[in-house]
Amino acid sequence: MKSFKLLVSVLVLSALLISCAPSNPTTVNTEYILTTDMRDGKFVFLGVNENINGAVNPALRAKPGEKITVILVNSGHGKHDIVFPDLNVKSDTIDQQGETTSVTFTVPDKDIALTYRDSNHAKLGMSGVLLVGNVAMVEPAELANDYLVEMLGAESTGETVEYTLESALANGQMIFVGKGGDIDGQTNPDLKANVGDTVKVTLISGEGAAHNVVFEGFNARSEDVVGKGNSVAMEFSPDREGTFAYICDIPGHRQAGMEGKFIVGSGVAAASAAETSDTSYTSAVKTENASVPAGPADAAAVDIVRDPTDIPAPIGNRGPETLRVDLETVELSGQLADGTTFNYWTFNGTVPGPFLRVRVGDTVEVHLKNLPDSMMAHSVDFHATTGPGGGAVATQTQPGGETMFTFKAINPGLYVYHCATPMVAQHIANGMYGLILVEPEGGLPPVDREFYVMQGELYTAQPFGTSGDLTEDTTKLLNENPEYFVFNGASMALASDTHALRANVGETVRIYFGVGGPNFTSSFHVIGEIFDRVYDQASLTSPPLTDVQTTLVPPGGATMVEFKLEVPGRYILVDHALSRLQRGLAGFLYADGDPNLEIYNGEETAGSGH
C-alpha cells in the first residue's frame with residue numbers, strides 16, 4: 001500500500017514536471033522519469049512514465065545520436081543519483097523525499113548497450129541498461145554484478161551472516177544484548193560482515209517496550225517490535241567497507257544507549273564512500289534537522305491539562321498512617337494548542353500528574369501500572385523518597401505490567417516526582433512529572449485558595465505555532481532547544497477560561513509551584529503581585545522569605561508561595577525570562593471583588609502587554 005501511494009505521488013509530481021517543462025522536440029527527443037524504491041530488501045529504480053511505468057530497473061531505449069533526458073525522483077530512501085559511467089554523465093545527489101535531479105545528454109551514434117546506476121547503491125540492485133539502436137537485451141542483474149567486481153577488484157564472498165539481538169535495560173541504559181554465537185551476552189556487540197554478504201538480523205523485545213534496529217549508511221531498518229518475547233527479522237547486503245553504527249531509532253533510544261558498531265571488511269572506509277555518505281560511528285549530538293512536516297491534528301486528542309485546583313484536602317492534625325498511591329503511566333494524544341496535538345506520556349492522563357499529599361511519618365505504598373497499549377517502559381522517582389533511585393529502581397515497569405514499593409516520608413517539604421526510565425530527560429519532557437507535598441506535623445497554616453502549577457518544556461520537530469500533529473525531537477532535547485514552554489502541559493493552558501486560576505479580593509492564595517523541566521530554571525513571578533511569603537526551595541521547616549517579587553526554581557525543584565489579593569483584576573503568572581511568554585508560557589489568576597482605590601487607582605490603557 002505504501003509503495004502504491006508513493007507511486008501515485010510520483011506520477012502526480014511527474015505530470016507536473018512534464019507540464020512545466022519547455023516543449024522543444026529538436027533539443028530533447030526522449031524523456032524518461034525514474035523514482036527510487038525498495039523491492040525484496042533491495043534498492044531499485046522504478047519506471048514512472050509511458051512504456052516503462054512500474055518496471056523495475058527498466059531498460060531505456062534511444063536511437064543512435066539521439067538526445068535524451070532522464071529525471072530521477074527521490075522517494076525518501078536515502079541519498080541517490082543516476083550515473084551513466086560509459087558516457088561520464090552523472091546527476092546531482094538528492095537526499096530528500098520528493099527532491100528531483102536530471103541529466104540530459106546525447107547517446108553515441110551507433111548500436112550499443114550502456115549501463116546506468118546509482119553510484120551509492122548499484123551493488124544493492126540499482127543498475128539498469130540503456131539500449132541504443134538495434135542491440136540485444138542485457139540483464140541488469142548481470143550489470144550490477146560486473147559493477148561489484150569493478151569496484152571491489154574481486155568477487156564478494158556472498159556468505160550469509162546471521163545475528164540475534166535482544167533489547168534490555170541495564171545500569172540505567174537501554175541496550176542491545178547479543179544472543180548466541182560469539183556475541184552471546186555481550187552488550188551492544190560488534191557485528192561483522194564482508195561486502196556483498198547477506199546480513200540477517202533478528203531482534204527480540206526482551207522487556208516489552210518498542211524497539212527496532214537500523215544500520216546507518218545502508219538504509220537498512222527493521223520493523224518495530226513491541227511486546228516481551230516478540231521478534232522481527234531483517235536482511236540486507238552491505239555494499240562498501242567501513243565502520244558504521246547500528247541503532248534503535250525510536251526517539252531517545254539511541255541516546256539512552258542502544259548503539260553498537262557494524263564493521264564491514266577491514267572496517268576502513270574508502271575515500272569515495274566517505275565522500276558520498278555519512279558513515280561515521282558517533283554518539284555525539286548532531287546538528288538539528290530541518291523542520292519535519294506535521295501530520296493532521298488528531299481529532300481524538302484529549303485535554304491533558306491538570307486543573308490547578310485539583311488538589312487533595314489538607315492533612316490537618318492527625319498521626320502517621322499508611323497510604324496507598326496508584327499511578328498509571330498513560331501514553332495518549334493531547335491538545336497542545338488550538339489545532340495542534342502531541343503524543344504525551346503522562347501519569348494518570350494529565351500533565352502534571354496528580355498532586356499527592358501526605359504528612360511526615362506516613363508510609364506511602366506506591367503502585368505503578370503501565371497500560372498495556374504503551375510503547376515504552378516507565379517508572380517513577382520520588383524526590384521525597386530516601387532510598388535507591390527514589391523508587392525508580394523498583395518501578396521499571398513494562399507495558400501491561402505493575403510494580404510496587406513503599407517509602408516512609410521522613411522529611412517535610414514539597415517534592416517533584418518524575419519518570420526515570422532511559423532516556424530520562426525524554427520521559428520528563430513528554431510530560432511525566434508531578435508534585436508530592438509532605439506536610440509537617442500539625443499540617444500547614446490554612447489559606448483560602450490553593451493552586452497546583454508546574455512548568456515544563458516540549459521539544460517538537462516542528463516550529464512553535466505549527467498546526468497539526470507534532471512529533472518529538474530528541475536532537476533539540478539534547479541541544480536544550482525547546483519549541484514550547486508550558487504551564488500544566490499545554491501552550492497557554494492556564495490562560496484559558498477552562499483552567500485559569502480564580503479567587504476573590506481579600507483571600508489568601510497559596511501556589512504550589514514546581515519545575516518538571518527537564519532543562520530550564522524558572523524565574524517564577526506573578527505580574528501585579530508580591531509574594532508575602534516564599535518557602536525557598538520548598539523548605540517548609542525554614543522561616544519563609546517575605547516580600548519577594550520573583551523566585552528561582554530549578555528543574556526538579558519546587559517552591560510554595562503565598563500572597564493576599566488586595567485589588568481585583570487579572571494577574572499573569574510568568575517565568576520572568578519573558579521571551580518564554582512568546583512560546584506559550586503564561587497563566588491567568590482572576591481576582592473578583594470591589595475596587596480598592598486606596599491601594600490601586602488607574603484607568604486601563606490598551607497595549608500594555610498585560
# chains A, B, ... in the order shown; residues from 1 in each chain; ligands from 1
$ residues_around --residues "A:Val447" --least-positions-apart "3" --cutoff "8 Å" --atoms "only C-alpha atoms" --output "PyMOL selection string"
chain A and resi 450+507-510
$ write_last_selection --atoms "N, CA, C and O atoms" --output "PDB file, in the first residue's frame"
ATOM      1  N   GLU A 450      -5.838  27.234  47.218  1.00  0.00           N
ATOM      2  CA  GLU A 450      -4.593  26.542  46.882  1.00  0.00           C
ATOM      3  C   GLU A 450      -4.614  26.183  45.386  1.00  0.00           C
ATOM      4  O   GLU A 450      -5.642  25.744  44.855  1.00  0.00           O
ATOM      5  N   GLU A 507      -8.852  37.333  49.817  1.00  0.00           N
ATOM      6  CA  GLU A 507      -8.456  35.948  50.090  1.00  0.00           C
ATOM      7  C   GLU A 507      -6.943  35.780  50.023  1.00  0.00           C
ATOM      8  O   GLU A 507      -6.247  36.510  49.312  1.00  0.00           O
ATOM      9  N   THR A 508      -6.462  34.814  50.778  1.00  0.00           N
ATOM     10  CA  THR A 508      -5.045  34.443  50.742  1.00  0.00           C
ATOM     11  C   THR A 508      -4.877  33.257  49.795  1.00  0.00           C
ATOM     12  O   THR A 508      -5.600  32.264  49.891  1.00  0.00           O
ATOM     13  N   VAL A 509      -3.933  33.406  48.887  1.00  0.00           N
ATOM     14  CA  VAL A 509      -3.681  32.401  47.852  1.00  0.00           C
ATOM     15  C   VAL A 509      -2.356  31.701  48.138  1.00  0.00           C
ATOM     16  O   VAL A 509      -1.367  32.341  48.501  1.00  0.00           O
ATOM     17  N   ARG A 510      -2.355  30.398  47.956  1.00  0.00           N
ATOM     18  CA  ARG A 510      -1.105  29.616  48.056  1.00  0.00           C
ATOM     19  C   ARG A 510      -0.923  28.873  46.732  1.00  0.00           C
ATOM     20  O   ARG A 510      -1.848  28.205  46.255  1.00  0.00           O
TER      21      ARG A 510
END
$ residues_around --residues "stretch 529-534 of chain A" --least-positions-apart "6" --cutoff "10 Å" --atoms "only C-alpha atoms" --output "ChimeraX atom specification"
/A:508-511,540,543-551,559-567,571-573
$ residues_around --residues "A:Pro64" --least-positions-apart "6" --cutoff "8 Å" --atoms "only C-alpha atoms" --output "list in words"
Val107, Pro108, Asp109, Lys110, Asp111, Val132 and Gly133 of chain A
$ residues_around --residues "A:Gly319" --least-positions-apart "4" --cutoff "10 Å" --atoms "only C-alpha atoms" --output "list in words"
Ile315, Arg359, Val360, Gly361, Asp362, Glu441 and Gly442 of chain A
$ residues_around --residues "A:Gly390" --least-positions-apart "6" --cutoff "9 Å" --atoms "only C-alpha atoms" --output "tab-separated table (two decimals) with all heavy atoms, in the first residue's frame"
chain	number	residue	atom	x	y	z
A	380	VAL	N	8.87	5.55	38.24
A	380	VAL	CA	8.66	6.79	38.99
A	380	VAL	C	9.75	6.95	40.03
A	380	VAL	O	10.13	5.99	40.73
A	380	VAL	CB	7.26	6.83	39.65
A	380	VAL	CG1	7.06	5.72	40.67
A	380	VAL	CG2	6.99	8.21	40.26
A	381	ASP	N	10.28	8.16	40.09
A	381	ASP	CA	11.31	8.56	41.05
A	381	ASP	C	10.71	9.68	41.90
A	381	ASP	O	10.42	10.76	41.38
A	381	ASP	CB	12.56	9.03	40.30
A	381	ASP	CG	13.58	9.77	41.18
A	381	ASP	OD1	13.39	9.83	42.41
A	381	ASP	OD2	14.56	10.30	40.61
A	382	PHE	N	10.53	9.41	43.19
A	382	PHE	CA	10.02	10.43	44.11
A	382	PHE	C	11.19	11.11	44.81
A	382	PHE	O	11.96	10.46	45.52
A	382	PHE	CB	9.12	9.78	45.17
A	382	PHE	CG	7.74	9.43	44.71
A	382	PHE	CD1	7.46	8.17	44.24
A	382	PHE	CD2	6.72	10.37	44.73
A	382	PHE	CE1	6.19	7.83	43.81
A	382	PHE	CE2	5.45	10.05	44.30
A	382	PHE	CZ	5.18	8.77	43.83
A	383	HIS	N	11.31	12.43	44.65
A	383	HIS	CA	12.34	13.16	45.36
A	383	HIS	C	12.07	13.19	46.86
A	383	HIS	O	12.96	13.55	47.64
A	383	HIS	CB	12.45	14.59	44.83
A	383	HIS	CG	13.02	14.67	43.44
A	383	HIS	ND1	13.38	15.87	42.86
A	383	HIS	CD2	13.31	13.71	42.52
A	383	HIS	CE1	13.86	15.64	41.64
A	383	HIS	NE2	13.81	14.35	41.41
A	384	ALA	N	10.88	12.80	47.26
A	384	ALA	CA	10.55	12.73	48.69
A	384	ALA	C	10.99	11.42	49.32
A	384	ALA	O	10.82	11.24	50.53
A	384	ALA	CB	9.03	12.89	48.88
A	407	PHE	N	7.76	3.65	50.83
A	407	PHE	CA	8.77	4.51	51.45
A	407	PHE	C	8.12	5.27	52.60
A	407	PHE	O	6.90	5.49	52.60
A	407	PHE	CB	9.40	5.48	50.44
A	407	PHE	CG	8.51	6.60	49.98
A	407	PHE	CD1	8.54	7.85	50.61
A	407	PHE	CD2	7.66	6.43	48.90
A	407	PHE	CE1	7.73	8.89	50.19
A	407	PHE	CE2	6.84	7.48	48.47
A	407	PHE	CZ	6.88	8.71	49.11
A	417	TYR	N	8.17	14.53	41.62
A	417	TYR	CA	8.36	13.14	41.19
A	417	TYR	C	8.34	13.11	39.67
A	417	TYR	O	7.75	13.98	39.02
A	417	TYR	CB	7.31	12.20	41.79
A	417	TYR	CG	5.88	12.41	41.36
A	417	TYR	CD1	5.37	11.80	40.21
A	417	TYR	CD2	5.00	13.19	42.12
A	417	TYR	CE1	4.04	11.97	39.83
A	417	TYR	CE2	3.68	13.36	41.75
A	417	TYR	CZ	3.20	12.75	40.60
A	417	TYR	OH	1.89	12.93	40.22
$ closest_residue --among "A:Ala591, A:Val486, A:Glu235, A:Asn219" --to "A:Thr198" --atoms "only C-alpha atoms"
A:Glu235
$ residues_around --residues "stretch 84-100 of chain A" --least-positions-apart "2" --cutoff "9 Å" --atoms "only C-alpha atoms" --output "NGL selection string"
:A and (9-10 or 13 or 35 or 71-82 or 102-105 or 107-108 or 114-117 or 119 or 130 or 276)
$ atom_distance --atom1 "atom CA of A:Ala122" --atom2 "atom CA of A:Phe262"
20.6 Å
$ select_by_dssp --residues "stretch 106-352 of chain A" --states "strand (DSSP E or B)" --output "PyMOL selection string"
chain A and resi 106+112-117+127-132+160-170+173-178+187+191-193+198-204+211+214-215+220-221+225+231-236+242-247+259-264+295+302+305+322-337+340-347+350-351
$ atom_distance --atom1 "atom CA of A:His418" --atom2 "atom CA of A:Gly556"
8.5 Å
$ select_by_dssp --residues "stretch 238-444 of chain A" --states "alpha helix (DSSP H)" --output "list of chain:residue names"
A:Ala271, A:Ser272, A:Ala273, A:Ala274, A:Glu275, A:Thr276, A:Val424, A:Ala425, A:Gln426, A:His427, A:Ile428, A:Ala429
$ closest_atom_pairs --of "stretch 297-362 of chain A" --to "stretch 516-528 of chain A" --cutoff "12 Å" --atoms "only C-alpha atoms" --output "JSON lines"
{"residue": "A:Val351", "atom": "CA", "partner": "A:Gly516", "partner_atom": "CA", "distance": 9.9}
{"residue": "A:Pro352", "atom": "CA", "partner": "A:Gly516", "partner_atom": "CA", "distance": 8.3}
{"residue": "A:Gly353", "atom": "CA", "partner": "A:Gly516", "partner_atom": "CA", "distance": 10.6}
$ atom_distance --atom1 "atom CA of A:Pro372" --atom2 "atom CA of A:Thr395"
15.6 Å
